[in-house]
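Report on the following structure.
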Amino acid sequence: MDHAQRANAVMSRIHELACISEDPHCVTRTFGSSAFISGCSKVLKWMQEAGLQARIDNIGNVRGRWPSTQPNARTLVIASHIDTVKNAGKFDGPLGVIMGLDLITHLQQERINLPFNIELIAFSDEEGVRFHTTYLGSTAITGKFNSALLDKTDSAGITLRNAIKTMGGDVDQLAADAIPEDEWLGYYEIHIEQGPVLYEQHIPVAVVQGIAGQHRIRVRFHGMGGHAGTVPMEMRKDALCAAAEFILAVERFGLEHNNDLVATVGTVDVKDAASNVIPGEVTCTLDVRSTDQVLLKKARRYLKDIASQICAERQLTADWDIIQKAKPVECDTALSHLLAQGITAAGYNVKNLVSGAGHDAVMVGAVAPVCMLFVRCYKGISHHPEENVEVADIAAAIQVSAHFIHRLAEVYKKR
Ligand code: HGY
Ligand code: MN
Ligand code: MN
């Protein structure tokens, strides 16, 4: 098949996987749901059909291994995730997994003898929608899984431990699923940009230089519930008004940093919500991102102080729980240089970008050199059903990735 035919085959599998959803009207496939489990089975089958040593590990990652014929070979992991946000696009995650499968299939057909193993991984929980965790799959394969998370509960009160067991995983074997640190050669992830630069500048692909750090915080405002018709306004301790004031303060703080930092409150939950009840307890989630670790820490301290000030003025209290802190990650220069050579060899100009979105590469960066290829997406839209990628850009990414793997093999053979 030529690159265009391969790209069409990738696109049809992306659409096939997108049809496996918790909601028939949109794409939603969150960690551990029955749709997620069906999606894993579909990807496992594709890996088996490609002749890979395929399995689903204890955290629900789908893993397909193509061993090298050379003894003591190290492993290049090609990966992305197959869990999604709610009402998601089709490409965020699955693009990297399904393109990885295409790459391996065609390397096999070339009868190439790579000096390294390739392991293709479909990570199980990059988005962290169900447990507000994130990177569960990639922390497991890097041996960094935090077992304290096993007791976290989802909105139905189900623990992560039980969700893993329901998927057939053994929480006591999570550590055994890690790829030993000395086995790693590197990590390659293909992902949509999820931003507007490539679309605005009419560029199909880019090398990712680095990935922003990400802090996820849960803020719970405690006021006093009451009757909406009888409590005088000046006597109220309205937790939702406090949260609203906080949310606008978060937005102001983000705007003041002209995109060196972005800050978002993505969820607000009013406990025992009713139209005739003054909200007594409100929980919201804060997401702060920056490539500047110092600025991230400053943001956390500043916004925590803002929450305290709002509570003092309104006579409320607030809980401030840090759910996750991921530092900014630099992509590996040597691998990124080979990727840039692949872009040039495919006939495209080399563009370097920083990722505001988080990726599993953030976790892998702690144990191995990582590199990422961005693919243009329609207006940069993502985490939204209008997320879209052109077949021609998938074809471009296939060409670039094939050049990259061949160059990596050449470099590695000379060692
Ligand atoms: O939130 C993120 O940046 C990623 O999509 N999980
Ligand atoms: Mn993603
Ligand atoms: Mn995402």
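Order determines the names: the first chain of the structure tokens is A, the second B, and so forth; residues in each chain are numbered 1 upward, and ligands are numbered 1 upward as they are shown.
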Within 8 Å of ligand 3, counting only C-alpha atoms and all ligand atoms: which residues, as an MDAnalysis selection string?
-> chainID A and resid 84:85 92:93 126:127 357:359 382:383
Can you write just those residues out, N, CA, C and O atoms, as a PDB file, in the first residue's frame?
ATOM      1  N   THR A  84     -10.659   8.195  26.754  1.00  0.00           N
ATOM      2  CA  THR A  84     -11.000   9.531  26.211  1.00  0.00           C
ATOM      3  C   THR A  84     -11.633  10.385  27.305  1.00  0.00           C
ATOM      4  O   THR A  84     -12.004   9.890  28.377  1.00  0.00           O
ATOM      5  N   VAL A  85     -11.773  11.667  27.032  1.00  0.00           N
ATOM      6  CA  VAL A  85     -12.617  12.507  27.889  1.00  0.00           C
ATOM      7  C   VAL A  85     -14.072  12.228  27.500  1.00  0.00           C
ATOM      8  O   VAL A  85     -14.334  11.390  26.638  1.00  0.00           O
ATOM      9  N   ASP A  92      -7.623  12.056  19.614  1.00  0.00           N
ATOM     10  CA  ASP A  92      -6.776  12.287  20.800  1.00  0.00           C
ATOM     11  C   ASP A  92      -6.489  10.954  21.482  1.00  0.00           C
ATOM     12  O   ASP A  92      -7.321  10.418  22.202  1.00  0.00           O
ATOM     13  N   GLY A  93      -5.303  10.423  21.200  1.00  0.00           N
ATOM     14  CA  GLY A  93      -4.910   9.105  21.740  1.00  0.00           C
ATOM     15  C   GLY A  93      -4.902   8.039  20.672  1.00  0.00           C
ATOM     16  O   GLY A  93      -3.816   7.595  20.236  1.00  0.00           O
ATOM     17  N   GLU A 126      -4.948   7.972  30.410  1.00  0.00           N
ATOM     18  CA  GLU A 126      -4.137   9.196  30.279  1.00  0.00           C
ATOM     19  C   GLU A 126      -4.987  10.398  30.719  1.00  0.00           C
ATOM     20  O   GLU A 126      -4.495  11.340  31.340  1.00  0.00           O
ATOM     21  N   GLU A 127      -6.277  10.359  30.430  1.00  0.00           N
ATOM     22  CA  GLU A 127      -7.121  11.534  30.692  1.00  0.00           C
ATOM     23  C   GLU A 127      -7.479  11.687  32.174  1.00  0.00           C
ATOM     24  O   GLU A 127      -7.723  12.785  32.635  1.00  0.00           O
ATOM     25  N   ALA A 357      -0.754  20.596  26.183  1.00  0.00           N
ATOM     26  CA  ALA A 357      -1.488  19.416  26.659  1.00  0.00           C
ATOM     27  C   ALA A 357      -0.493  18.457  27.305  1.00  0.00           C
ATOM     28  O   ALA A 357       0.677  18.405  26.929  1.00  0.00           O
ATOM     29  N   GLY A 358      -0.984  17.698  28.269  1.00  0.00           N
ATOM     30  CA  GLY A 358      -0.154  16.649  28.862  1.00  0.00           C
ATOM     31  C   GLY A 358      -0.210  15.397  28.001  1.00  0.00           C
ATOM     32  O   GLY A 358      -1.142  15.225  27.212  1.00  0.00           O
ATOM     33  N   HIS A 359       0.810  14.560  28.120  1.00  0.00           N
ATOM     34  CA  HIS A 359       0.828  13.297  27.373  1.00  0.00           C
ATOM     35  C   HIS A 359       1.543  12.243  28.221  1.00  0.00           C
ATOM     36  O   HIS A 359       2.335  12.592  29.121  1.00  0.00           O
ATOM     37  N   SER A 382      -9.819  20.135  20.105  1.00  0.00           N
ATOM     38  CA  SER A 382      -9.654  18.815  20.718  1.00  0.00           C
ATOM     39  C   SER A 382     -10.504  18.746  21.985  1.00  0.00           C
ATOM     40  O   SER A 382     -11.027  19.747  22.451  1.00  0.00           O
ATOM     41  N   HIS A 383     -10.634  17.521  22.513  1.00  0.00           N
ATOM     42  CA  HIS A 383     -11.550  17.306  23.659  1.00  0.00           C
ATOM     43  C   HIS A 383     -12.935  17.811  23.282  1.00  0.00           C
ATOM     44  O   HIS A 383     -13.649  18.421  24.081  1.00  0.00           O
TER      45      HIS A 383
END
Polymer residues at most 6 Å from range 66-83 of chain A, only C-alpha atoms, same-chain spacing of 4 or more positions, as an mmCIF file with N, CA and C atoms, in the first residue's frame:
data_model
loop_
_atom_site.group_PDB
_atom_site.id
_atom_site.type_symbol
_atom_site.label_atom_id
_atom_site.label_comp_id
_atom_site.auth_asym_id
_atom_site.auth_seq_id
_atom_site.Cartn_x
_atom_site.Cartn_y
_atom_site.Cartn_z
ATOM 1 N N ARG A 29 -15.046 7.042 26.273
ATOM 2 C CA ARG A 29 -14.514 5.714 26.630
ATOM 3 C C ARG A 29 -13.556 5.906 27.800
ATOM 4 N N THR A 30 -14.093 5.899 28.998
ATOM 5 C CA THR A 30 -13.289 6.235 30.182
ATOM 6 C C THR A 30 -12.767 4.966 30.853
ATOM 7 N N PHE A 31 -11.699 5.101 31.560
ATOM 8 C CA PHE A 31 -10.974 3.987 32.185
ATOM 9 C C PHE A 31 -11.919 3.000 32.885
ATOM 10 N N LEU A 52 1.869 -9.565 16.686
ATOM 11 C CA LEU A 52 2.634 -9.104 17.865
ATOM 12 C C LEU A 52 2.336 -10.016 19.051
ATOM 13 N N GLY A 93 -5.303 10.423 21.200
ATOM 14 C CA GLY A 93 -4.910 9.105 21.740
ATOM 15 C C GLY A 93 -4.902 8.039 20.672
ATOM 16 N N PRO A 94 -6.066 7.598 20.189
ATOM 17 C CA PRO A 94 -6.100 6.497 19.211
ATOM 18 C C PRO A 94 -5.230 6.736 17.982
ATOM 19 N N GLY A 96 -2.243 7.872 17.716
ATOM 20 C CA GLY A 96 -0.863 7.411 17.961
ATOM 21 C C GLY A 96 -0.772 5.902 18.051
ATOM 22 N N VAL A 97 -1.814 5.260 18.593
ATOM 23 C CA VAL A 97 -1.797 3.799 18.729
ATOM 24 C C VAL A 97 -1.987 3.139 17.360
ATOM 25 N N LEU A 114 15.321 -5.033 12.795
ATOM 26 C CA LEU A 114 15.663 -3.888 13.645
ATOM 27 C C LEU A 114 16.592 -4.332 14.772
ATOM 28 N N PHE A 116 16.517 -3.273 17.643
ATOM 29 C CA PHE A 116 15.823 -3.061 18.927
ATOM 30 C C PHE A 116 14.417 -3.674 18.827
ATOM 31 N N ASN A 117 13.896 -4.018 20.025
ATOM 32 C CA ASN A 117 12.505 -4.492 20.080
ATOM 33 C C ASN A 117 11.600 -3.264 19.898
ATOM 34 N N ILE A 118 10.397 -3.492 19.440
ATOM 35 C CA ILE A 118 9.390 -2.429 19.480
ATOM 36 C C ILE A 118 8.233 -2.952 20.326
ATOM 37 N N GLU A 119 7.803 -2.129 21.290
ATOM 38 C CA GLU A 119 6.589 -2.466 22.033
ATOM 39 C C GLU A 119 5.560 -1.361 21.790
ATOM 40 N N LEU A 120 4.426 -1.766 21.233
ATOM 41 C CA LEU A 120 3.331 -0.827 20.980
ATOM 42 C C LEU A 120 2.405 -0.860 22.196
ATOM 43 N N ILE A 121 2.073 0.306 22.747
ATOM 44 C CA ILE A 121 1.220 0.322 23.953
ATOM 45 C C ILE A 121 0.053 1.284 23.764
ATOM 46 N N ALA A 122 -1.132 0.780 24.075
ATOM 47 C CA ALA A 122 -2.338 1.627 24.149
ATOM 48 C C ALA A 122 -2.591 1.852 25.635
ATOM 49 N N PHE A 123 -2.261 3.062 26.114
ATOM 50 C CA PHE A 123 -2.364 3.315 27.562
ATOM 51 C C PHE A 123 -3.828 3.405 27.993
ATOM 52 N N SER A 124 -4.072 2.999 29.249
ATOM 53 C CA SER A 124 -5.452 2.818 29.724
ATOM 54 C C SER A 124 -6.069 4.044 30.364
ATOM 55 N N ASP A 125 -5.231 4.948 30.921
ATOM 56 C CA ASP A 125 -5.842 6.089 31.608
ATOM 57 C C ASP A 125 -4.924 7.297 31.537
ATOM 58 N N GLU A 183 16.165 -1.522 30.050
ATOM 59 C CA GLU A 183 15.723 -2.094 28.775
ATOM 60 C C GLU A 183 15.261 -0.997 27.793
ATOM 61 N N TRP A 184 14.979 0.166 28.353
ATOM 62 C CA TRP A 184 14.423 1.238 27.500
ATOM 63 C C TRP A 184 15.452 1.776 26.510
ATOM 64 N N LEU A 185 15.080 1.825 25.236
ATOM 65 C CA LEU A 185 15.883 2.539 24.235
ATOM 66 C C LEU A 185 15.327 3.956 24.108
ATOM 67 N N GLY A 186 13.971 4.040 24.079
ATOM 68 C CA GLY A 186 13.342 5.361 23.927
ATOM 69 C C GLY A 186 11.847 5.201 23.759
ATOM 70 N N TYR A 187 11.192 6.346 23.585
ATOM 71 C CA TYR A 187 9.726 6.389 23.518
ATOM 72 C C TYR A 187 9.328 7.340 22.395
ATOM 73 N N TYR A 188 8.355 6.896 21.583
ATOM 74 C CA TYR A 188 7.900 7.721 20.447
ATOM 75 C C TYR A 188 6.386 7.780 20.480
ATOM 76 N N GLU A 189 5.852 9.015 20.520
ATOM 77 C CA GLU A 189 4.387 9.154 20.506
ATOM 78 C C GLU A 189 3.957 10.114 19.397
#
Give the answer as one residue: which of A:Ala212, A:Ala178, A:Ile141, A:Ile343 has the shortest atom-to-atom distance to Val362 in chain A, using only C-alpha atoms?
-> A:Ala212
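Closest approach to Thr28 in chain A from the set A:Gly342, A:His384, A:His227, A:Gly210 is made by A:His384, with distances taken over only C-alpha atoms.
For the pair CA of Thr139 in chain A and CA of Leu160 in chain A, the separation is 14.5 Å.
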Point-to-point distance in Å for CA of Ala244 in chain A and CA of Ala228 in chain A = 17.7 Å
